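Below is one structure, written out as structure tokens; comments come after it.
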Amino acid sequence: MTGLSADNFVSYSYRELPKKNFNFGLLFTLVGLIGIVLGYALEPERTSFNLIIVFTWLTSIGIGSIFFIGIEYLTGAVWSVPFRRIAEINSAFVLVAPIIAIPVIFNIHSIYHWSHPEALIHDEILKNKSAYLNQTFFVIRFIVTFLLWFLFYFLIIRNSSKQDTSKDQRSTRRNTIISAIFMPIFAVTLTLFSIDWLMSLEPHWYSTIFGVYYFSGTILASIALFTFISIALNESGFLVEGLNREHYYSMGALLFAFTNFWAYIAFSQFMLIWYANLPEETFWFINRGVGSWLYWSIGIIFVKFIVPYIFLLPQPAKMDPKRLKFASLWILFAHYYDLYWIVMPTYSKTGVVFSWIELSAIVFSIGLLVVCSYFFSKGRNLVPIGDPKLKRGIEFHL
Amino acid sequence: MNIEIDYTVEPEVVKNQPSHSSVNDAIAAPLETKPSIKYYIALGISGSLLLTGAICLGFSFYYGVGLWGNNQPVGWAIPIVNFVFWVGIGHAGTLISAILFLFRQRWRTGIARFAEAMTIFAVITAGLFPLIHTGRPWLAGYLFPLPNQHHLWVNFTSPLIWDVFAVSTYLTVSFVFWYVGLIPDLAILRDRTQSKVKKIIYSIFSLGWRHSNRHWHHYEMLYLILAGFATPLVLSVHTIVSFDFAVSIVPGWHTTIFPPYFVAGAIFSGFAMVQNVLIVVRKIFHIEHIISLDTLEKMNKVMLATGMMVGYAYGVEFFIAWYSGNPLESFVFFNRVFGNYAWAYWIMVSCNVIFTQLFWFKKIRRNIPIMFVIGVLVNVGMWFERFVIVISTLSKDFLPSSWGYYKPTLVDIGILLGSFGLFFTLVILFIRALPVVSISEVKAVIKGSQPQHH
Amino acid sequence: MENKENRNLYAVGALFDSPNKLVAFAKKLVNEGYRFWDVHSSYPLHGLPKIMRLKWSPLGYVALVLGLTGTLTGLFLTYWTMSVDYRLTIGGKPWFSFPAFVPVLFELTVLLASVGTAIVMLFIIFKLPNNRHPLHDSEYLKKVSVDKCGIIVESHDAKFDYQTIRSLFGEYGASEVVDIYYNEEEIAYKPRVFEPKFIVFLVVIAILTSAFGYLFNNKVLYLPPFDFMLKQFKVNPQSESMFFADGFGMRTPVAGTVARGQRDYPFKGKPDEAGEKLVNPLLSTNDVLELGKRKYNTFCSPCHGWRGEGDSRLNGQFPNPPSLHSEKVRNWSDGRIYHVIMEGQNIMPSYASQLTEKERWAIILYIRALQRSLNAKQEDVK
């Protein structure tokens, strides 16, 4: 019962990914890195703000992927099993992201207002919060959060990789249990993470839904990258035979569903604050309506909701590989756009800023995405060939 | 490690591979046999509860709502608590029939019909409360934007009007969803019944359905569309109910997490109610192979998940109340935990968050008596959650001079009992009047029902 | 086969025990090019629409169109009622506060789309309810309802041949082959809208609803407990009161007091003096004329007419009022007209209590404008 019978084996042979894209990625990373290092030397504050965007963006993809894998185990989904290794590779961004946070932590005073001891003296509210918002505890939370995430990353990935050779059904069972334990921890850590790194940029502002808001973007971005890589690899034949539009449909449907979910959460947050009109809350949105920020704020409705909504609404669009690839890249971009909207108004209060520093941050993120995907997929089977649900996953029909 | 699951095969939804005709017989049996004495006892109990409620309501209309405990500062009292509670119960049905349908969770087939019916009954029950809370329900027509000679319209910026739209839309769409699902079953009953009167009734309501696959083709599309619309609808309804509270500036009510938190709570309590009733139904009508223990276990898992979401919301609310540095916010939450209504708060937390943690254990998830008790506790807890939100918040408002301690009167409690009476009377009548499980959906998932294409 | 029976044949049907055999037969029919045939099963068979080469269901577009209709209806309803027809400032929000209307828009979208699509499918595409279909209540359908799946080939298909079909059914392993006939009565039946029974039914419904509506609105709502808003512990105008010694509910003002905004009129009974001494304090600005027009239309126009020509809506019921365009009135000073409004003239009563001071002067300016419109001077043209 624990092993797999032979008729559940799937023929798969490992193929090296082509080097060409990797070289592009490396180039992007290096150019971006040079830009960032230069920026950090010339304008450390501005660069640090950009690094927060890059950091939270990559963390989104990484931790969202672990969440996605967990959900697959918990719900017993089968359609996603042939693609699960891709989500596993994506989840490795959890390992990379904290490196980006280190220069930010060293520059914490220019970013987080609450980290100034002198700011607390005249500010009753910040003084009350200082038990939570202080440098030491901030760093401790950062380390503990990522250690927890590393732990679950290694547990889940190790079980899944071991299964490739052992074909042991017990690994699936173990991962299911690990995923169940991961879920509540994920909820708490992700919420605290979003409060620490994003919400406390405006230390006076608070919104209880903020953790859910960041979660909605997280899951959207991670599914988007998963969709893009899955379809791209499958089209060039790196995966197994028999994966088709019926599998893509679920990815399209999930992207569509979570686009709506994001809109729901974002609307709830905005509407409640707008309606109650309390000065201690509205200023966050008012800051995002100053100067050219207004256009950026209106743009977010289109970029993150209306465009992907209309694009993914027709049934055929959810299956069409071309349209799905475009939609998933768009959604990845939209998440970056969203994070920019959350982070940058604290730096530039008068309007949107964009220069070579922002550009190099973007170039760096794209490059890192490619390089890390290659690095972490090296020598690994791109399909979980030992998974007992693989056969069913390949034969999946709507 | 003990392995009971073989992941290589799809778990069967319907156990023991029954034949199609035996499915017909099993599901139609309650409609064709004379009910036992137990049925009448159950109907008698729920009927007398309903009567109690009706009498209390009659008094309330005749003498006015002064018979209730509602008074300053607690103006929104038990009626609103009951409203939110019952709307919440109504959420599981559409969740099971629509969201789980979209997620292709096939275990929903056995319970979808029943859950949908419960949705309708719960929303009917819920809808009564805002009406009676107005004190003059006979003027309820003015809640709708009817053209009139004064050019006077409803206030569309008011969340109470959103409620009118949300609840009535929800009732209508749930009904359509339920009825569309019933049509093929009614056709099966029509072709099966021997009684002349029943034949006429089934013929009228089955609309002359002929099981044509040219029709099924559109029918499945419609089902998908209805599910697609019902999914955001079910989220929107409790979201809008939460807006009733959250758009205000009352500390403890105005908090942005309310929409998803209310939705999770609604699904939580709805699942508990569906689980409770199904445990009874499957036992009485011997359909344990259709509503299997696996299905109940999955429901318990959903309850565990949503229970933790609710717990998460409690935690976040609490944390942010402190984090905000707003003394009003902190006071309200401190008051909830240690104030006059601390007993209600601790009932809520223990029932919703602590007891449900027992579902981590597989043994408990599959133990019917224990899960039944936990289901009941969850509903108690969820009722008290609304009690805490409405009453403990209002009882200490901005002006300490007007603080008060709200106590429901006997009439209030009578109406609450009456709402349970109404709900269960409708459920009990439904069990005998219509198939409690979708015959066509069950047939479709039995092994060997579908053609092999490869 | 006799001719008559042949004419009545609707279709030949076969019942299969397993869907696999049926699918094989369906493939055969498609390949042979049959067009009027159908498969019956008490649950949807997966993959069959593809085999039957059914067109993609248009219901998605129906839902889209209906949903957009719902959104636009909601948008119009909220915009027109809240921002145009009856504007109320609520919570300091703008009249058109879109975020607050989103819930209503959303609900209307869902309502129209889901209910409408269901109606379109059932009643327009399927043309249900239809209990006169040849298949309805047939033994064939009854067996499908239990555990068989069936396939029929209709007799009006161009390729239909009775014997071929029957033998094909046998070949593919049908457990039972049946002929399905039209029922003569069913063919002959034509639903009539103007059947006397139906009309009587409609009339009865109409009478019942109107009677109920009348009784509820005019009788029931005035009975206890519905009337509690009518009986209140307050003094209504003109009503008796035991509280005061004189028994009157209404009180006269305390001697020597003047109500706010009320000034003593010093020219009682002295029209000419009023004409000389009173001066219009207002300038004929746009706002003032608008006010004057509104008040004139409300209080003066019933008798004097919309344009002051004495051609009123009440013409003939009272002695007609004189035109305001007469030489006399045109030459009156503003104060003299003011006196008429205050005191009345001939049959015209005083309008002092209906109009405030400002409104009276505004009306006079409006009357001046009316006069100039009919008897313009040369300099007005400039």
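How things are named: the first chain in the structure tokens is A, the next is B, and so on; residues count from 1 in each chain; ligands count from 1 in the order shown.
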Interface residues on chain A facing chain B, 8 Å, only C-alpha atoms, written as a PyMOL selection string = chain A and resi 1-2+8+125-126+128-129+169-170+173+184+187-188+204-210+265+268-269+272-273+275-276+278+388-392
task = Would you kindly report the residues of chain C within 6 Å of chain B, using only C-alpha atoms, as a count of residues only?
result = 24
request  = Write down, as number ranges by chain, each residue of chain A that has any atom within 12 Å of an atom of chain C, counting only C-alpha atoms.
outcome  = A: 264, 266-277, 310, 313-316, 397-398
Nearby residues (only C-alpha atoms) at most 8 Å from Val178 (chain C), same-chain spacing under 6 positions excluded, as a compact mmCIF listing (two decimals) with C-alpha atoms, in the first residue's frame:
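Listed below is the output, out_27.txt:
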# COMPACT_ATOMS: atom_id res chain seq x y z
CA VAL C 12 -37.79 5.48 -32.91
CA GLY C 13 -36.06 5.13 -29.62
CA ALA C 14 -33.75 2.61 -28.04
CA TYR C 140 -39.47 5.32 -22.84
task = Could you give me, as a count of residues only, each residue of region 26-125 of chain B that DSSP assigns to helix (DSSP H, G or I) when run on this structure's backbone?
result = 81
task = Mind checking which residues fall within 9 Å of Ala26 (chain C), counting only C-alpha atoms, ignoring those fewer than 5 positions away in the same chain, and posting them as a list in words?
result = Lys21, Asn31, Asp38, Val39, Leu48, Ile51, Met52 and Ile151 of chain C
Any chance you can output those residues with C-alpha atoms as a CSV table (one decimal), in the first residue's frame?
chain,number,residue,atom,x,y,z
C,21,LYS,CA,-22.9,1.4,-26.0
C,31,ASN,CA,-20.8,10.0,-38.8
C,38,ASP,CA,-31.3,13.1,-29.2
C,39,VAL,CA,-29.9,11.3,-26.2
C,48,LEU,CA,-21.5,13.9,-25.0
C,51,ILE,CA,-19.7,13.8,-29.6
C,52,MET,CA,-23.0,15.3,-30.6
C,151,ILE,CA,-31.4,7.5,-27.8
query = In Å, with one decimal, what is the gap from CA of Gly305 (chain C) to CA of Ile341 (chain C)?
reply =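 CA of Gly305 (chain C) sits 15.9 Å away from CA of Ile341 (chain C).
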request  = Please provide as a list in words all residues within 8 Å of region 33-44 of chain A, with the sequence filter that same-chain residues fewer than 4 positions apart are discarded (counting only C-alpha atoms).
outcome  = Thr29, Ser48, Asn107, Trp356, Ile357, Ser360, Ala361 and Phe364 of chain A
key: Top pick for closest residue to Ser250 (chain A), considering A:Ile223, A:Ala232, A:Leu332, A:Val353 and counting only C-alpha atoms   =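 Among the listed residues, the smallest separation from Ser250 (chain A) belongs to A:Ile223.
Within 9 Å of Pro321 (chain A), once only C-alpha atoms are used and residues closer than 5 positions along the same chain are dropped, the contacting residues are Phe228, Ile231, Ala232, Glu235, Arg245, Tyr248 and Phe326 of chain A.
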query = What is the distance, in Å and to one decimal place, between CA of Ile152 (chain C) and CA of Ile124 (chain C)?
reply =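 Going from CA of Ile152 (chain C) over to CA of Ile124 (chain C), I get 23.0 Å.
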request  = Write out as a PyMOL selection string the residues lying within 12 Å of Phe55 (chain A), counting only C-alpha atoms and excluding same-chain residues fewer than 5 positions away.
outcome  = chain A and resi 47-50+60-63+93-105+193-194+197-198+336+339-340+343+361-362+364-365+368-369
query = Nearest to Pro435 (chain B): which of B:Asn70, B:Ile183, B:Ile55, B:Gly270 is it, counting only C-alpha atoms?
reply =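 The answer is B:Ile183, which sits nearest to Pro435 (chain B).
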